[in-house]
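S.K.: Got a structure here, written out as C-alpha cells. Questions coming.
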Amino acid sequence: MPHPDLPAGVPAPDLLDALAREARALEPDADRRADWDAAVHALADRFLDGFGRRPAWGGSPVPGEDPPAAPGEEGAALDDLLAALERGWRRGLDPAHPGHLAYIPGGGLYPSALADFLADVSNRYAGVGYAGPDAVALENGLVRWLADLAGLPEGARGHLASGGSTATLSAVATARDALGLEPEDIRRAVVYLGGQTHHCVHKALRLAGLERAVWRNVPLDARWRMDAGALEGLMAEDVAAGLRPFLVVGSAGTTDTGAVDPLLELGRLARAHGAWFHVDAAYGGAFLLVPALRERLAGIEAADSLVIDPHKGLFLPYGTGALLVRDGEALYRTHRYSAAYLADALSGGGDPADLSPELTKHWRGLRLWLPLRLFGLRPFRAALAEKAGLCRWFHRAIGEAGFETGPEPDLSVCVYRFVPPDGRDPDAFNRALLDAVLADGGVFLSSTRLGGRLWLRLAVLSFRTHLDTVRRALERLVRERDRLLAAGA
Ligand SMILES: *Cc1c(COP(=O)(O)O)cnc(C)c1O
C-alpha cells in the first residue's frame with residue numbers, strides 16, 4: 001500500500017474520509033484503552049513488586065540488545081513493545097531501586113506517575129494562565145510553597161524546570177542581567193566557585209556567555225566546605241585589583257560529599273560586595289523539611305537565586321527541578337517575551353512562560369502537587385529524617401569496622417575508604433573493593449577523588465532505602481574487604 005498522501009489541489013470528501021479512517025488509529029476507543037492500560041499496569045506492577053528479586057545495578061549494556069528506536073510504517077503490538085522495554089530495564093542502573101546508594105539516588109513516587117498520566121491525557125497548557133489558569137496557578141502555588149520553605153520574601157518568583165541544570169542556567173542568566181553585566185564588563189567580573197561546585201554551574205556560565213569572566217576556585221576547609229575566610233581574602237584582592245565580584249555560588253549539599261557550605265557567611269560576603277548569591281540546593285534543599293536540619297541550612301534564605309530539585313529530595317521521577325529568585329522582577333526581565341500571535345494571552349508577569357525559558361510547557365506541577373497533597377508532608381519529613389539518620393548510622397558503623405571515614409555527614413552523603421595495613425596502595429585496594437561489591441549488584445555504590453585520593457561514597461536518598469539495605473551495604477563492604485585482605489597483595 002502506498003503511504004497516505006495529499007494529492008495536488010482541493011481533496012474530494014471521500015479522500016478526506018479515507019484519510020480519516022486511517023488517522024482514527026490515533027483515537028483508541030474505551031475498549032482498546034482498557035487493554036493498553038491493563039498491559040501497562042501489569043508491567044508497572046512487575047517492576048514495582050520486583051525490587052527484591054533484581055539487582056540495583058544490572059551491568060553494562062550489551063550492544064545490539066536494544067530494540068530499534070525508529071518507527072516502522074505499520075504499528076507494532078503493545079505487548080512486544082513493552083517486552084522490549086522490560087528487557088532494557090535489566091541493564092545499567094535501576095534508579096528507583098532501594099539499593100541505589102550512589103551518585104544522588106533517584107525517586108519515582110507512584111502518584112507522580114498517575115499525575116503525569118492525567119497531565120498528559122488532559123494536556124493542560126502550563127505556560128500561560130490565559131490558556132491554563134488551573135495549571136499555572138498550581139505551578140505558581142508550588143513555587144510559592146518552596147519559596148516559603150526556603151524563607152525567601154514575598155516578591156520571590158520562580159519556575160519548575162526540567163531539572164537543576166536548566167534551572168541553574170536561568171539563575172545565571174538572571175544574575176547577569178540583574179547586575180547589568182554588559183559584554184565589555186565580562187572580563188573584569190569575578191565568579192567564586194569551589195572545588196565541589198556542581199559542574200552544571202560551569203556549564204550554565206558558559207551557556208550564558210560568561211566563560212570569559214574571571215573564575216576563582218575558592219579553597220575548601222577540612223570538611224570540603226567552602227572556606228569563607230579564603231573567599232573574603234580573594235574578594236578583597238579582586239576589588240583591590242579593580243575587578244568586580246559578580247557571583248558567589250554556595251552549595252547546600254554538594255553532590256560528592258554532601259557538605260553544606262557556610263551559607264550565612266557566603267551570603268554576607270556576596271551582599272557586602274554587591275555580588276549575586278546563588279545557592280545550589282539541588283540535592284540538599286528538601287532537607288529543609290526536617291526541623292533538626294534547618295539550622296545546618298541556615299543562610300539559604302539569603303540566596304538571590306536558589307535551585308532545589310524535587311526529583312532528588314522530594315523523590316519525584318526525573319524531570320523536575322525548581323528555580324527560585326528573590327527578586328521576582330529580575331527573573332521576569334530576563335525571561336519575558338512578547339509576540340504578536342500571543343497578544344491575547346499575555347498576562348503581564350505571572351506566567352511561567354514569562355519566568356522561564358519555556359513557552360509550551362508540560363504540566364510539570366501536577367507530578368509534584370499530587371504526591372504532596374495526597375500523602376501530606378509528614379511522610380516526606382519522616383523519610384528525609386530517616387535518610388539522614390541512615391547515613392549517620394552507616395558513617396559510625398563503617399568507622400567501627402576499621403575504615404577511615406570522612407567528616408560527619410551534614411545531610412545524607414558520606415565518604416570512607418579502607419587503608420590496608422599491609423602497605424598496599426589504598427586507591428587500588430578501594431577500587432578493587434568497589435568492583436567486588438558492585439559485582440553482585442545488590443547495592444550500588446560509587447567512588448570519588450578527594451584531595452588526590454580515591455574515596456568510596458554512600459548516598460542515601462531513595463525513599464525506598466531503609467536500614468536493611470544500608471546494613472547490607474555495610475556487610476558487603478566488610479566481607480569483600482576481608483576477602484581482599486586475606487587474598488594478599
Ligand atoms: C544533581 C545536582 C545538580 C544538577 O541537577 P540536575 O537535575 O541533574 O540537572 C546540581 N547541583 C547539585 C548539587 C546536584 O546534586
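Starting from 1 in every chain, residues are counted up; chains themselves are A, B, ... following the order of the C-alpha cells, and ligands are numbered from 1 as listed.
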For chain A versus ligand 1, which residues have an atom no more than 7 Å away, and what is each residue's nearest atom pair and distance in Å rounded to one decimal, using only C-alpha atoms and all ligand atoms, chain-then-number order, as a tab-separated table?

M.R.:
```
residue	atom	partner	partner_atom_place_in_ligand_line	distance
A:Ile104	CA	ligand 1	15 (O)	6.2
A:Gly163	CA	ligand 1	7 (O)	3.6
A:Gly164	CA	ligand 1	5 (O)	3.4
A:Ser165	CA	ligand 1	9 (O)	3.6
A:Thr166	CA	ligand 1	9 (O)	6.3
A:His198	CA	ligand 1	11 (N)	4.9
A:Cys200	CA	ligand 1	10 (C)	5.8
A:Ser251	CA	ligand 1	13 (C)	6.5
A:Gly253	CA	ligand 1	13 (C)	6.0
A:Thr254	CA	ligand 1	13 (C)	4.6
A:Thr255	CA	ligand 1	15 (O)	4.4
A:Asp280	CA	ligand 1	11 (N)	5.6
A:Ala281	CA	ligand 1	13 (C)	6.0
A:Ala282	CA	ligand 1	12 (C)	4.7
A:Tyr283	CA	ligand 1	15 (O)	4.4
A:Asp309	CA	ligand 1	7 (O)	5.9
A:Gly321	CA	ligand 1	7 (O)	5.8
```

S.K.: Any chance you can output those residues with N, CA and C atoms as a PDB file, in the first residue's frame?

M.R.:
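What follows is the written file again.pdb:
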```
ATOM      1  N   ILE A 104      23.594  10.708  43.242  1.00  0.00           N
ATOM      2  CA  ILE A 104      22.461  11.140  44.050  1.00  0.00           C
ATOM      3  C   ILE A 104      21.311  10.222  43.640  1.00  0.00           C
ATOM      4  N   GLY A 163      15.026  20.243  35.394  1.00  0.00           N
ATOM      5  CA  GLY A 163      15.998  19.724  36.349  1.00  0.00           C
ATOM      6  C   GLY A 163      16.847  20.854  36.890  1.00  0.00           C
ATOM      7  N   GLY A 164      17.804  20.507  37.722  1.00  0.00           N
ATOM      8  CA  GLY A 164      18.640  21.511  38.354  1.00  0.00           C
ATOM      9  C   GLY A 164      19.539  22.242  37.366  1.00  0.00           C
ATOM     10  N   SER A 165      19.994  21.540  36.344  1.00  0.00           N
ATOM     11  CA  SER A 165      20.921  22.172  35.403  1.00  0.00           C
ATOM     12  C   SER A 165      20.243  23.296  34.628  1.00  0.00           C
ATOM     13  N   THR A 166      19.039  23.042  34.119  1.00  0.00           N
ATOM     14  CA  THR A 166      18.363  24.086  33.354  1.00  0.00           C
ATOM     15  C   THR A 166      17.927  25.215  34.290  1.00  0.00           C
ATOM     16  N   HIS A 198      28.965  22.070  41.711  1.00  0.00           N
ATOM     17  CA  HIS A 198      28.480  21.147  40.670  1.00  0.00           C
ATOM     18  C   HIS A 198      28.817  21.688  39.282  1.00  0.00           C
ATOM     19  N   CYS A 200      27.239  21.759  36.689  1.00  0.00           N
ATOM     20  CA  CYS A 200      26.160  22.436  35.945  1.00  0.00           C
ATOM     21  C   CYS A 200      26.295  23.951  36.067  1.00  0.00           C
ATOM     22  N   SER A 251      26.941  25.867  47.966  1.00  0.00           N
ATOM     23  CA  SER A 251      26.217  24.611  47.806  1.00  0.00           C
ATOM     24  C   SER A 251      25.556  24.222  49.121  1.00  0.00           C
ATOM     25  N   GLY A 253      24.629  21.222  50.228  1.00  0.00           N
ATOM     26  CA  GLY A 253      24.734  19.794  49.950  1.00  0.00           C
ATOM     27  C   GLY A 253      25.431  19.566  48.625  1.00  0.00           C
ATOM     28  N   THR A 254      26.756  19.322  48.654  1.00  0.00           N
ATOM     29  CA  THR A 254      27.448  19.023  47.408  1.00  0.00           C
ATOM     30  C   THR A 254      27.167  17.582  47.007  1.00  0.00           C
ATOM     31  N   THR A 255      27.279  17.331  45.719  1.00  0.00           N
ATOM     32  CA  THR A 255      26.991  16.002  45.202  1.00  0.00           C
ATOM     33  C   THR A 255      28.001  14.986  45.735  1.00  0.00           C
ATOM     34  N   ASP A 280      23.091  26.470  45.370  1.00  0.00           N
ATOM     35  CA  ASP A 280      22.739  25.215  44.712  1.00  0.00           C
ATOM     36  C   ASP A 280      22.284  24.227  45.786  1.00  0.00           C
ATOM     37  N   ALA A 281      20.970  24.119  45.918  1.00  0.00           N
ATOM     38  CA  ALA A 281      20.389  23.174  46.875  1.00  0.00           C
ATOM     39  C   ALA A 281      19.661  22.066  46.111  1.00  0.00           C
ATOM     40  N   ALA A 282      20.181  21.769  44.908  1.00  0.00           N
ATOM     41  CA  ALA A 282      19.522  20.753  44.068  1.00  0.00           C
ATOM     42  C   ALA A 282      19.364  19.466  44.859  1.00  0.00           C
ATOM     43  N   TYR A 283      20.449  19.056  45.516  1.00  0.00           N
ATOM     44  CA  TYR A 283      20.387  17.841  46.329  1.00  0.00           C
ATOM     45  C   TYR A 283      19.818  18.124  47.719  1.00  0.00           C
ATOM     46  N   ASP A 309      15.943  20.546  43.625  1.00  0.00           N
ATOM     47  CA  ASP A 309      15.458  19.518  42.699  1.00  0.00           C
ATOM     48  C   ASP A 309      14.424  18.608  43.353  1.00  0.00           C
ATOM     49  N   GLY A 321      13.062  20.180  38.372  1.00  0.00           N
ATOM     50  CA  GLY A 321      13.929  20.994  39.223  1.00  0.00           C
ATOM     51  C   GLY A 321      13.253  22.341  39.405  1.00  0.00           C
TER      52      GLY A 321
END
```

S.K.: Need to verify the contact set: segment 233-242 of chain A, 12 Å, only C-alpha atoms, exclusion of same-chain residues closer than 3 positions in sequence. Can you return it as JSON, numbers by chain?

M.R.: {"A": [185, 187, 188, 189, 190, 191, 192, 193, 214, 215, 216, 217, 218, 219, 227, 228, 229, 230, 245, 246, 247, 248, 266, 269, 270, 271, 272, 273, 274, 275]}

S.K.: Could you pull the residues within 9 Å of Leu331 of chain A, counting only C-alpha atoms, minus those fewer than 3 positions along the same chain, as a list in words?

M.R.: Ala156, Arg157, Gly158, Ser170, Ala171, Ala173, Thr174, Ala175, Ala178, Leu324, Val325, Arg326, Asp327, Gly328, Thr334, His335, Arg336, Asp354, Leu355 and Ser356 of chain A

S.K.: Save out the residues we just selected, N, CA and C atoms, as a PDB file, in the first residue's frame.

M.R.:
```pdb
ATOM      1  N   ALA A 156       9.579  36.974  45.772  1.00  0.00           N
ATOM      2  CA  ALA A 156      10.318  35.922  45.057  1.00  0.00           C
ATOM      3  C   ALA A 156       9.408  35.244  44.041  1.00  0.00           C
ATOM      4  N   ARG A 157       9.963  34.889  42.920  1.00  0.00           N
ATOM      5  CA  ARG A 157       9.242  34.130  41.898  1.00  0.00           C
ATOM      6  C   ARG A 157      10.142  32.989  41.447  1.00  0.00           C
ATOM      7  N   GLY A 158       9.607  32.142  40.593  1.00  0.00           N
ATOM      8  CA  GLY A 158      10.428  31.038  40.113  1.00  0.00           C
ATOM      9  C   GLY A 158       9.676  30.216  39.098  1.00  0.00           C
ATOM     10  N   SER A 170      19.007  29.400  34.024  1.00  0.00           N
ATOM     11  CA  SER A 170      18.141  30.574  34.170  1.00  0.00           C
ATOM     12  C   SER A 170      18.626  31.472  35.302  1.00  0.00           C
ATOM     13  N   ALA A 171      19.121  30.856  36.377  1.00  0.00           N
ATOM     14  CA  ALA A 171      19.610  31.649  37.512  1.00  0.00           C
ATOM     15  C   ALA A 171      20.797  32.502  37.087  1.00  0.00           C
ATOM     16  N   ALA A 173      21.727  33.455  34.062  1.00  0.00           N
ATOM     17  CA  ALA A 173      21.343  34.493  33.097  1.00  0.00           C
ATOM     18  C   ALA A 173      20.654  35.649  33.822  1.00  0.00           C
ATOM     19  N   THR A 174      19.824  35.318  34.812  1.00  0.00           N
ATOM     20  CA  THR A 174      19.139  36.362  35.584  1.00  0.00           C
ATOM     21  C   THR A 174      20.147  37.203  36.365  1.00  0.00           C
ATOM     22  N   ALA A 175      21.133  36.545  36.967  1.00  0.00           N
ATOM     23  CA  ALA A 175      22.164  37.275  37.716  1.00  0.00           C
ATOM     24  C   ALA A 175      22.909  38.236  36.783  1.00  0.00           C
ATOM     25  N   ALA A 178      20.557  41.111  35.999  1.00  0.00           N
ATOM     26  CA  ALA A 178      20.185  41.919  37.174  1.00  0.00           C
ATOM     27  C   ALA A 178      21.344  42.804  37.607  1.00  0.00           C
ATOM     28  N   LEU A 324      14.155  29.356  42.194  1.00  0.00           N
ATOM     29  CA  LEU A 324      13.533  30.431  42.970  1.00  0.00           C
ATOM     30  C   LEU A 324      14.462  31.637  42.905  1.00  0.00           C
ATOM     31  N   VAL A 325      13.893  32.811  42.650  1.00  0.00           N
ATOM     32  CA  VAL A 325      14.701  34.035  42.573  1.00  0.00           C
ATOM     33  C   VAL A 325      14.101  35.071  43.512  1.00  0.00           C
ATOM     34  N   ARG A 326      14.940  35.580  44.399  1.00  0.00           N
ATOM     35  CA  ARG A 326      14.486  36.530  45.424  1.00  0.00           C
ATOM     36  C   ARG A 326      13.762  37.722  44.797  1.00  0.00           C
ATOM     37  N   ASP A 327      14.376  38.323  43.787  1.00  0.00           N
ATOM     38  CA  ASP A 327      13.783  39.479  43.114  1.00  0.00           C
ATOM     39  C   ASP A 327      13.028  38.955  41.894  1.00  0.00           C
ATOM     40  N   GLY A 328      11.736  38.699  42.085  1.00  0.00           N
ATOM     41  CA  GLY A 328      10.928  38.128  41.009  1.00  0.00           C
ATOM     42  C   GLY A 328      10.938  38.976  39.752  1.00  0.00           C
ATOM     43  N   THR A 334      14.514  38.931  32.638  1.00  0.00           N
ATOM     44  CA  THR A 334      15.382  38.090  31.814  1.00  0.00           C
ATOM     45  C   THR A 334      14.587  37.125  30.928  1.00  0.00           C
ATOM     46  N   HIS A 335      13.398  36.740  31.351  1.00  0.00           N
ATOM     47  CA  HIS A 335      12.676  35.678  30.622  1.00  0.00           C
ATOM     48  C   HIS A 335      11.415  36.127  29.900  1.00  0.00           C
ATOM     49  N   ARG A 336      11.004  37.396  30.066  1.00  0.00           N
ATOM     50  CA  ARG A 336       9.755  37.848  29.444  1.00  0.00           C
ATOM     51  C   ARG A 336       9.914  37.871  27.932  1.00  0.00           C
ATOM     52  N   ASP A 354       6.722  33.633  31.074  1.00  0.00           N
ATOM     53  CA  ASP A 354       7.437  34.894  31.282  1.00  0.00           C
ATOM     54  C   ASP A 354       8.538  34.777  32.325  1.00  0.00           C
ATOM     55  N   LEU A 355       8.584  33.631  32.989  1.00  0.00           N
ATOM     56  CA  LEU A 355       9.511  33.471  34.110  1.00  0.00           C
ATOM     57  C   LEU A 355      10.474  32.323  33.879  1.00  0.00           C
ATOM     58  N   SER A 356      10.428  31.743  32.679  1.00  0.00           N
ATOM     59  CA  SER A 356      11.272  30.575  32.383  1.00  0.00           C
ATOM     60  C   SER A 356      11.588  30.582  30.897  1.00  0.00           C
TER      61      SER A 356
END
```

S.K.: Take atom CA of Asp427 of chain A and atom CA of Glu404 of chain A and report the distance between them in Å, one decimal.

M.R.: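 Answer for the atom CA of Asp427 of chain A to atom CA of Glu404 of chain A separation: 12.7 Å.
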
S.K.: Pull the helix (DSSP H, G or I) assignments for segment 160-339 of chain A out of DSSP run on the backbone, and list those residues as a PyMOL selection string.

M.R.: chain A and resi 164-178+183-188+199-207+228-240+263-272+285-289+291-297+300-302+310-313+328-335

S.K.: Write out, as an mmCIF file, in the first residue's frame, the residues just selected, with C-alpha atoms.

M.R.:
```
data_model
loop_
_atom_site.group_PDB
_atom_site.id
_atom_site.type_symbol
_atom_site.label_atom_id
_atom_site.label_comp_id
_atom_site.auth_asym_id
_atom_site.auth_seq_id
_atom_site.Cartn_x
_atom_site.Cartn_y
_atom_site.Cartn_z
ATOM 1 C CA GLY A 164 18.640 21.511 38.354
ATOM 2 C CA SER A 165 20.921 22.172 35.403
ATOM 3 C CA THR A 166 18.363 24.086 33.354
ATOM 4 C CA ALA A 167 17.172 25.913 36.481
ATOM 5 C CA THR A 168 20.793 26.948 37.124
ATOM 6 C CA LEU A 169 21.125 28.283 33.584
ATOM 7 C CA SER A 170 18.141 30.574 34.170
ATOM 8 C CA ALA A 171 19.610 31.649 37.512
ATOM 9 C CA VAL A 172 22.954 32.617 35.990
ATOM 10 C CA ALA A 173 21.343 34.493 33.097
ATOM 11 C CA THR A 174 19.139 36.362 35.584
ATOM 12 C CA ALA A 175 22.164 37.275 37.716
ATOM 13 C CA ARG A 176 23.993 38.548 34.626
ATOM 14 C CA ASP A 177 21.103 40.820 33.656
ATOM 15 C CA ALA A 178 20.185 41.919 37.174
ATOM 16 C CA PRO A 183 29.723 42.229 27.224
ATOM 17 C CA GLU A 184 32.577 44.660 27.885
ATOM 18 C CA ASP A 185 32.259 44.037 31.653
ATOM 19 C CA ILE A 186 32.613 40.285 31.487
ATOM 20 C CA ARG A 187 36.411 40.017 31.597
ATOM 21 C CA ARG A 188 36.504 42.013 34.829
ATOM 22 C CA HIS A 199 29.614 21.239 37.040
ATOM 23 C CA CYS A 200 26.160 22.436 35.945
ATOM 24 C CA VAL A 201 27.190 25.876 37.233
ATOM 25 C CA HIS A 202 30.255 25.882 34.973
ATOM 26 C CA LYS A 203 28.075 24.789 32.088
ATOM 27 C CA ALA A 204 25.496 27.488 32.846
ATOM 28 C CA LEU A 205 28.206 30.163 32.927
ATOM 29 C CA ARG A 206 29.453 29.012 29.533
ATOM 30 C CA LEU A 207 25.945 28.904 28.055
ATOM 31 C CA ALA A 228 34.543 31.698 53.933
ATOM 32 C CA GLY A 229 37.768 33.295 55.194
ATOM 33 C CA ALA A 230 39.506 32.394 51.961
ATOM 34 C CA LEU A 231 36.598 33.796 49.973
ATOM 35 C CA GLU A 232 36.812 37.058 51.901
ATOM 36 C CA GLY A 233 40.535 37.311 51.106
ATOM 37 C CA LEU A 234 40.009 36.599 47.410
ATOM 38 C CA MET A 235 37.217 39.152 47.130
ATOM 39 C CA ALA A 236 39.333 41.827 48.816
ATOM 40 C CA GLU A 237 42.241 41.109 46.441
ATOM 41 C CA ASP A 238 39.948 41.244 43.440
ATOM 42 C CA VAL A 239 38.406 44.553 44.476
ATOM 43 C CA ALA A 240 41.883 45.976 45.084
ATOM 44 C CA LEU A 263 25.825 29.857 53.605
ATOM 45 C CA LEU A 264 25.386 32.635 56.172
ATOM 46 C CA GLU A 265 28.926 33.886 55.697
ATOM 47 C CA LEU A 266 28.917 33.404 51.927
ATOM 48 C CA GLY A 267 25.679 35.366 51.652
ATOM 49 C CA ARG A 268 27.031 38.126 53.849
ATOM 50 C CA LEU A 269 30.220 38.435 51.775
ATOM 51 C CA ALA A 270 28.298 38.431 48.494
ATOM 52 C CA ARG A 271 25.981 41.173 49.764
ATOM 53 C CA ALA A 272 28.877 43.259 51.112
ATOM 54 C CA GLY A 285 17.116 21.702 49.607
ATOM 55 C CA ALA A 286 14.444 19.174 50.551
ATOM 56 C CA PHE A 287 16.117 18.639 53.938
ATOM 57 C CA LEU A 288 14.577 21.996 54.906
ATOM 58 C CA LEU A 289 11.570 19.833 55.749
ATOM 59 C CA PRO A 291 13.308 20.682 61.600
ATOM 60 C CA ALA A 292 16.570 19.410 63.095
ATOM 61 C CA LEU A 293 18.467 20.004 59.839
ATOM 62 C CA ARG A 294 17.196 23.517 59.159
ATOM 63 C CA GLU A 295 19.951 25.043 61.228
ATOM 64 C CA ARG A 296 22.538 23.313 59.046
ATOM 65 C CA LEU A 297 20.973 25.020 56.037
ATOM 66 C CA ILE A 300 19.754 29.655 52.428
ATOM 67 C CA GLU A 301 17.172 32.420 52.897
ATOM 68 C CA ALA A 302 19.826 34.962 51.832
ATOM 69 C CA PRO A 310 12.169 17.803 43.572
ATOM 70 C CA HIS A 311 13.437 14.860 41.501
ATOM 71 C CA LYS A 312 16.058 14.333 44.176
ATOM 72 C CA GLY A 313 14.981 15.104 47.745
ATOM 73 C CA GLY A 328 10.928 38.128 41.009
ATOM 74 C CA GLU A 329 11.098 41.192 38.768
ATOM 75 C CA ALA A 330 14.674 40.318 37.815
ATOM 76 C CA LEU A 331 13.596 36.811 36.799
ATOM 77 C CA TYR A 332 10.786 38.309 34.736
ATOM 78 C CA ARG A 333 13.042 40.846 32.990
ATOM 79 C CA THR A 334 15.382 38.090 31.814
ATOM 80 C CA HIS A 335 12.676 35.678 30.622
#
```

S.K.: Do you have, as a Markdown table, the list of residues of segment 37-70 of chain A lying at most 10 Å from segment 441-453 of chain A, each with its nearest atom pair and that distance in Å to one decimal, counting only C-alpha atoms and ordered by chain then number?

M.R.:
```
| residue | atom | partner | partner_atom | distance |
| --- | --- | --- | --- | --- |
| A:Phe51 | CA | A:Gly442 | CA | 9.9 |
| A:Gly52 | CA | A:Gly442 | CA | 9.0 |
| A:Arg53 | CA | A:Gly442 | CA | 9.4 |
| A:Arg54 | CA | A:Gly442 | CA | 7.6 |
| A:Pro55 | CA | A:Gly442 | CA | 4.7 |
| A:Ala56 | CA | A:Gly442 | CA | 5.6 |
| A:Trp57 | CA | A:Gly441 | CA | 4.8 |
| A:Gly58 | CA | A:Gly441 | CA | 6.5 |
| A:Gly59 | CA | A:Gly441 | CA | 7.9 |
```

S.K.: Which residues come within 9 Å of segment 34-46 of chain A, counting only C-alpha atoms, excluding same-chain residues fewer than 4 positions away, as a list in words?

M.R.: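 With the cut-off at 9 Å, the set is Asp29, Ala30, Gly50, Leu78, Asp79, Leu82, Ala83 and Glu86 of chain A.
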
S.K.: Using only C-alpha atoms, which residues sit within 8 Å of Glu480 of chain A once same-chain residues fewer than 3 positions away are excluded, as a count of residues only?

M.R.: 7

S.K.: Under the rule that only C-alpha atoms are counted, which of A:Leu15, A:Leu359, A:Ala96, A:Val415 is the nearest residue to Arg457 of chain A?

M.R.: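 So, comparing all the options, the nearest one is A:Val415.
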
S.K.: Considering only C-alpha atoms, state which residue in the set A:Leu81, A:Leu370, A:Val279, A:Ala383 is at the smallest distance from Arg464 of chain A.

M.R.: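 Answer, going by the shortest atom-to-atom distance: A:Ala383.
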
S.K.: Just checking: using only C-alpha atoms, which residue out of A:Leu109, A:Ala322, A:Leu314, A:Val413 ends up closest to Leu48 of chain A?

M.R.: A:Leu109

S.K.: Separation of atom CA of Ala353 of chain A and atom CA of Ala131 of chain A, in Å?

M.R.: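 Going from atom CA of Ala353 of chain A over to atom CA of Ala131 of chain A, I get 11.6 Å.
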
S.K.: For His466 of chain A, find every residue with an atom within 8 Å (counting only C-alpha atoms), except residues of its own chain fewer than 5 positions away, and show them as a PyMOL selection string.

M.R.: chain A and resi 98+386-387+390

S.K.: Asp5 of chain A: which residues within 12 Å, counting only C-alpha atoms, same-chain residues fewer than 4 positions away excluded, as a list in words?

M.R.: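 That gives Met1, Pro11, Leu15, Leu16, Ala18, Leu19, Ala20, Glu22 and Ala23 of chain A.
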
S.K.: List every residue of segment 405-440 of chain A that DSSP, applied to the backbone of this structure, places in strand (DSSP E or B), and write the result as a PyMOL selection string.

M.R.: chain A and resi 405+413-417

S.K.: Here is a test: counting only C-alpha atoms, which residue of A:Ala428, A:Leu316, A:Leu372, A:Val290 is nearest to Phe463 of chain A?

M.R.: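 Residue with the minimum atom-to-atom distance to Phe463 of chain A: A:Leu316.
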
S.K.: At what distance in Å, to one decimal, does atom CA of Thr197 of chain A lie from atom CA of Ala147 of chain A?

M.R.: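 Atom CA of Ala147 of chain A sits 22.4 Å away from atom CA of Thr197 of chain A.
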